[in-house]
There are 2 protein chains.
Amino acid sequence: MKELRVLQPLCCGPDVPPLHEEAAEELAAVFRALADPTRVGIVSRLASGEQCCVCDLTEAFDVSQPTVSHHLRILRDAGLVEAERRGTFAYYRLVPDAIERLQRVFVPAELATA
Amino acid sequence: MKELRVLQPLCCGPDVPPLHEEAAEELAAVFRALADPTRVGIVSRLASGEQCCVCDLTEAFDVSQPTVSHHLRILRDAGLVEAERRGTFAYYRLVPDAIERLQRVFVPAELATA
DNA sequence: TCCTTTCATCGAAGATTGTCGATGAGAGGA
DNA sequence: TCCTCTCATCGACAATCTTCGATGAAAGGA
């Protein structure tokens, strides 16, 4: 019997049957972190490989510095970005594998066989 | 020169350089539609292939019927699900390719060459 | 025709979110 | 030591979101 299943939980392999309430909440939390155009822009920018300090992002996205810090905190809490302090600067980068993990959530139906 | 770029816009191919403000807003809108555990659950359920009427989903997710209708409207507006009326029932299913389109948004850095 | 069933919409209440200015903490130069 | 620079946190306000009960619309059976 082939069970088609498209939205996969973040944590486990492709053979976890339903999508528990807990997994749905966890997935929704990640999507919530990406549910803002400024945050999408930040992730996209960091995803191009470069590290950015907060002042770079503040300049790039036309919002105030506290707002950028706020967005970075949300992305950090969601496990999407991480920071490294050098002197007075804080350099942000994507968490390695964060994107790959997200891509694996969307498994095309014809490939998600059980 | 290889330009690494991970978050792709929804609309176009993989060779669209930055992520315009407009594309970021469009992406964020889709993520916003998935930023709720009930909606994640609905999409996951529909993604397993079966069609569901509203009363099925109301029974499955422990929220009221107007709330389910509200969530379905948000998913519909985001282009993720579509409805077909048969008699007094409304059957919902995933929009074909909606998941594949989403998966293509997350392009692992080492594959996104320009 | 009248009643029932299914679903969408309306209006309201409470919670969450995005944004800012003000402020604080920490590093480093003069 | 004092000043400057970078960044995080706080407090507040407006906007948005989630949820519900009440109601309306459409289909169909008795």
# chains A, B, ... in the order shown; residues from 1 in each chain; ligands from 1
>>> interface_residues(of="chain C", to="chain B", cutoff="8 Å", atoms="only C-alpha atoms (C1' of nucleotides)", output="list in words")
DT5, DT6, DC7 and DA8 of chain C
>>> write_last_selection(atoms="C-alpha atoms (C1' of nucleotides)", output="mmCIF file, in the first residue's frame")
data_model
loop_
_atom_site.group_PDB
_atom_site.id
_atom_site.type_symbol
_atom_site.label_atom_id
_atom_site.label_comp_id
_atom_site.auth_asym_id
_atom_site.auth_seq_id
_atom_site.Cartn_x
_atom_site.Cartn_y
_atom_site.Cartn_z
ATOM 1 C "C1'" DT C 5 -27.723 19.894 5.993
ATOM 2 C "C1'" DT C 6 -23.467 22.113 4.468
ATOM 3 C "C1'" DC C 7 -20.756 25.893 4.076
ATOM 4 C "C1'" DA C 8 -19.495 31.058 3.849
#
>>> residues_around(residues="DG11 (chain C)", least_positions_apart="3", cutoff="12 Å", atoms="only C-alpha atoms (C1' of nucleotides)", output="PyMOL selection string")
chain D and resi 20-23
>>> write_last_selection(atoms="N, CA and C atoms (P, O5', C5', C4', C3', O3' and C1' of nucleotides)", output="PDB file, in the first residue's frame")
ATOM      1  P    DC D  20     -12.792  27.870  17.847  1.00  0.00           P
ATOM      2  O5'  DC D  20     -14.089  28.720  18.235  1.00  0.00           O
ATOM      3  C5'  DC D  20     -14.186  29.279  19.539  1.00  0.00           C
ATOM      4  C4'  DC D  20     -15.298  30.317  19.562  1.00  0.00           C
ATOM      5  C3'  DC D  20     -16.625  29.789  19.046  1.00  0.00           C
ATOM      6  O3'  DC D  20     -17.466  29.454  20.144  1.00  0.00           O
ATOM      7  C1'  DC D  20     -16.108  31.995  18.171  1.00  0.00           C
ATOM      8  P    DG D  21     -18.834  28.690  19.843  1.00  0.00           P
ATOM      9  O5'  DG D  21     -19.868  29.891  19.640  1.00  0.00           O
ATOM     10  C5'  DG D  21     -20.145  30.782  20.713  1.00  0.00           C
ATOM     11  C4'  DG D  21     -21.117  31.852  20.250  1.00  0.00           C
ATOM     12  C3'  DG D  21     -22.478  31.337  19.780  1.00  0.00           C
ATOM     13  O3'  DG D  21     -23.497  32.258  20.153  1.00  0.00           O
ATOM     14  C1'  DG D  21     -21.403  32.441  17.998  1.00  0.00           C
ATOM     15  P    DA D  22     -25.016  31.966  19.765  1.00  0.00           P
ATOM     16  O5'  DA D  22     -25.247  32.878  18.470  1.00  0.00           O
ATOM     17  C5'  DA D  22     -24.950  34.259  18.550  1.00  0.00           C
ATOM     18  C4'  DA D  22     -25.306  34.944  17.229  1.00  0.00           C
ATOM     19  C3'  DA D  22     -26.632  34.499  16.609  1.00  0.00           C
ATOM     20  O3'  DA D  22     -27.349  35.632  16.150  1.00  0.00           O
ATOM     21  C1'  DA D  22     -24.872  34.187  15.064  1.00  0.00           C
ATOM     22  P    DT D  23     -28.785  35.467  15.503  1.00  0.00           P
ATOM     23  O5'  DT D  23     -28.483  35.487  13.941  1.00  0.00           O
ATOM     24  C5'  DT D  23     -27.713  36.559  13.405  1.00  0.00           C
ATOM     25  C4'  DT D  23     -27.370  36.280  11.948  1.00  0.00           C
ATOM     26  C3'  DT D  23     -28.551  35.833  11.071  1.00  0.00           C
ATOM     27  O3'  DT D  23     -28.693  36.737  10.000  1.00  0.00           O
ATOM     28  C1'  DT D  23     -26.642  34.516  10.683  1.00  0.00           C
TER      29       DT D  23
END
>>> residues_around(residues="region 37-46 of chain A", least_positions_apart="3", cutoff="6 Å", atoms="only C-alpha atoms (C1' of nucleotides)", output="mmCIF file with C-alpha atoms, in the first residue's frame")
data_model
loop_
_atom_site.group_PDB
_atom_site.id
_atom_site.type_symbol
_atom_site.label_atom_id
_atom_site.label_comp_id
_atom_site.auth_asym_id
_atom_site.auth_seq_id
_atom_site.Cartn_x
_atom_site.Cartn_y
_atom_site.Cartn_z
ATOM 1 C CA LEU A 34 9.440 33.386 7.350
ATOM 2 C CA GLY A 49 26.792 33.229 1.264
ATOM 3 C CA GLU A 50 27.931 36.513 2.709
ATOM 4 C CA ARG A 93 24.852 33.820 8.762
ATOM 5 C CA LEU A 94 22.460 31.071 7.788
ATOM 6 C CA LEU B 7 15.671 31.614 -1.634
ATOM 7 C CA ALA B 24 9.893 38.865 -0.891
ATOM 8 C CA GLU B 25 6.373 40.030 -0.134
ATOM 9 C CA ALA B 28 6.155 35.938 2.804
#
>>> atom_distance(atom1="C1' of DG24 (chain C)", atom2="C1' of DA8 (chain D)")
8.5 Å
>>> interface_residues(of="chain D", to="chain A", cutoff="12 Å", atoms="only C-alpha atoms (C1' of nucleotides)", output="list in words")
DT4, DC5, DT6, DC7, DA8, DT9 and DC10 of chain D
>>> write_last_selection(atoms="N, CA and C atoms (P, O5', C5', C4', C3', O3' and C1' of nucleotides)", output="tab-separated table (two decimals), in the first residue's frame")
chain	number	residue	atom	x	y	z
D	4	DT	P	31.26	61.55	21.64
D	4	DT	O5'	31.52	60.21	20.81
D	4	DT	C5'	32.81	59.97	20.25
D	4	DT	C4'	32.79	58.63	19.53
D	4	DT	C3'	31.49	58.33	18.77
D	4	DT	O3'	31.79	57.81	17.49
D	4	DT	C1'	31.96	56.57	20.27
D	5	DC	P	30.64	57.72	16.38
D	5	DC	O5'	30.55	56.16	16.08
D	5	DC	C5'	31.73	55.38	16.05
D	5	DC	C4'	31.38	53.93	16.30
D	5	DC	C3'	30.04	53.50	15.67
D	5	DC	O3'	30.29	52.45	14.74
D	5	DC	C1'	30.21	52.78	17.93
D	6	DT	P	29.01	51.86	13.88
D	6	DT	O5'	28.58	50.56	14.70
D	6	DT	C5'	29.52	49.54	14.95
D	6	DT	C4'	28.90	48.44	15.77
D	6	DT	C3'	27.55	47.95	15.24
D	6	DT	O3'	27.58	46.54	15.11
D	6	DT	C1'	27.39	48.49	17.55
D	7	DC	P	26.41	45.78	14.32
D	7	DC	O5'	25.45	45.36	15.51
D	7	DC	C5'	25.94	44.44	16.49
D	7	DC	C4'	25.05	44.48	17.71
D	7	DC	C3'	23.59	44.07	17.47
D	7	DC	O3'	23.41	42.76	18.00
D	7	DC	C1'	23.81	45.91	19.00
D	8	DA	P	21.95	42.08	18.00
D	8	DA	O5'	21.41	42.36	19.47
D	8	DA	C5'	22.19	41.97	20.58
D	8	DA	C4'	21.44	42.22	21.88
D	8	DA	C3'	20.01	41.70	21.91
D	8	DA	O3'	19.75	41.13	23.18
D	8	DA	C1'	20.01	44.06	22.26
D	9	DT	P	18.35	40.42	23.46
D	9	DT	O5'	17.56	41.49	24.33
D	9	DT	C5'	18.18	42.02	25.49
D	9	DT	C4'	17.36	43.17	26.05
D	9	DT	C3'	15.85	42.88	26.20
D	9	DT	O3'	15.49	43.13	27.55
D	9	DT	C1'	16.21	44.96	25.15
D	10	DC	P	13.99	42.81	28.04
D	10	DC	O5'	13.35	44.26	28.17
D	10	DC	C5'	14.13	45.33	28.69
D	10	DC	C4'	13.31	46.61	28.74
D	10	DC	C3'	11.81	46.39	28.91
D	10	DC	O3'	11.30	47.33	29.85
D	10	DC	C1'	12.22	47.66	26.95
>>> residues_around(residues="DA14 (chain D)", least_positions_apart="2", cutoff="10 Å", atoms="only C-alpha atoms (C1' of nucleotides)", output="MDAnalysis selection string")
(chainID C and resid 18:19) or (chainID D and resid 12 16)
>>> write_last_selection(atoms="C-alpha atoms (C1' of nucleotides)", output="tab-separated table (two decimals), in the first residue's frame")
chain	number	residue	atom	x	y	z
C	18	DG	C1'	5.61	44.82	13.50
C	19	DT	C1'	7.42	49.01	14.33
D	12	DA	C1'	4.21	51.48	23.83
D	16	DT	C1'	-3.17	42.07	12.05
>>> closest_residue(among="A:Val30, A:Ala35, A:Val63, A:Ala78", to="chain B", atoms="only C-alpha atoms")
A:Ala35
>>> closest_residue(among="B:Ala60, B:Ala23, B:Val68, B:Val95", to="Ala47 (chain B)", atoms="only C-alpha atoms")
B:Val95
>>> residues_around(residues="DA15 (chain C)", least_positions_apart="6", cutoff="12 Å", atoms="only C-alpha atoms (C1' of nucleotides)", output="PDB file with N, CA and C atoms (P, O5', C5', C4', C3', O3' and C1' of nucleotides), in the first residue's frame")
ATOM      1  P    DT D  16      -3.275  46.228   8.783  1.00  0.00           P
ATOM      2  O5'  DT D  16      -3.125  44.706   9.258  1.00  0.00           O
ATOM      3  C5'  DT D  16      -1.831  44.190   9.509  1.00  0.00           C
ATOM      4  C4'  DT D  16      -1.934  42.881  10.263  1.00  0.00           C
ATOM      5  C3'  DT D  16      -2.961  41.898   9.685  1.00  0.00           C
ATOM      6  O3'  DT D  16      -2.285  40.709   9.324  1.00  0.00           O
ATOM      7  C1'  DT D  16      -3.165  42.073  12.046  1.00  0.00           C
ATOM      8  P    DC D  17      -3.106  39.485   8.698  1.00  0.00           P
ATOM      9  O5'  DC D  17      -3.357  38.565   9.978  1.00  0.00           O
ATOM     10  C5'  DC D  17      -2.285  38.309  10.849  1.00  0.00           C
ATOM     11  C4'  DC D  17      -2.718  37.374  11.966  1.00  0.00           C
ATOM     12  C3'  DC D  17      -3.643  36.248  11.517  1.00  0.00           C
ATOM     13  O3'  DC D  17      -3.208  35.048  12.129  1.00  0.00           O
ATOM     14  C1'  DC D  17      -4.659  37.467  13.271  1.00  0.00           C
ATOM     15  P    DT D  18      -3.864  33.643  11.621  1.00  0.00           P
ATOM     16  O5'  DT D  18      -4.748  33.175  12.862  1.00  0.00           O
ATOM     17  C5'  DT D  18      -4.132  33.012  14.123  1.00  0.00           C
ATOM     18  C4'  DT D  18      -5.189  32.731  15.172  1.00  0.00           C
ATOM     19  C3'  DT D  18      -6.201  31.649  14.770  1.00  0.00           C
ATOM     20  O3'  DT D  18      -6.281  30.672  15.795  1.00  0.00           O
ATOM     21  C1'  DT D  18      -7.318  33.627  15.498  1.00  0.00           C
ATOM     22  P    DT D  19      -7.063  29.281  15.523  1.00  0.00           P
ATOM     23  O5'  DT D  19      -8.489  29.558  16.167  1.00  0.00           O
ATOM     24  C5'  DT D  19      -8.573  29.932  17.531  1.00  0.00           C
ATOM     25  C4'  DT D  19      -9.910  30.560  17.838  1.00  0.00           C
ATOM     26  C3'  DT D  19     -11.119  29.813  17.281  1.00  0.00           C
ATOM     27  O3'  DT D  19     -11.591  28.880  18.237  1.00  0.00           O
ATOM     28  C1'  DT D  19     -11.344  32.220  17.181  1.00  0.00           C
TER      29       DT D  19
END
>>> select_by_dssp(residues="region 3-105 of chain B", states="strand (DSSP E)", output="number ranges by chain")
B: 52-53, 81-86, 89-94
>>> write_last_selection(atoms="C-alpha atoms", output="CSV table (one decimal), in the first residue's frame")
chain,number,residue,atom,x,y,z
B,52,CYS,CA,-11.9,16.5,2.2
B,53,CYS,CA,-15.2,18.3,2.8
B,81,VAL,CA,-5.8,24.6,-2.1
B,82,GLU,CA,-8.9,24.7,-4.3
B,83,ALA,CA,-12.5,23.8,-3.8
B,84,GLU,CA,-15.2,22.0,-5.8
B,85,ARG,CA,-18.8,22.1,-4.8
B,86,ARG,CA,-20.9,18.9,-5.2
B,89,PHE,CA,-20.7,19.8,0.1
B,90,ALA,CA,-17.5,21.6,-0.8
B,91,TYR,CA,-14.5,19.3,-1.4
B,92,TYR,CA,-11.1,20.7,-1.0
B,93,ARG,CA,-7.8,19.4,-2.5
B,94,LEU,CA,-4.3,20.7,-2.9
>>> atom_distance(atom1="CA of Glu59 (chain A)", atom2="CA of Arg76 (chain A)")
19.9 Å
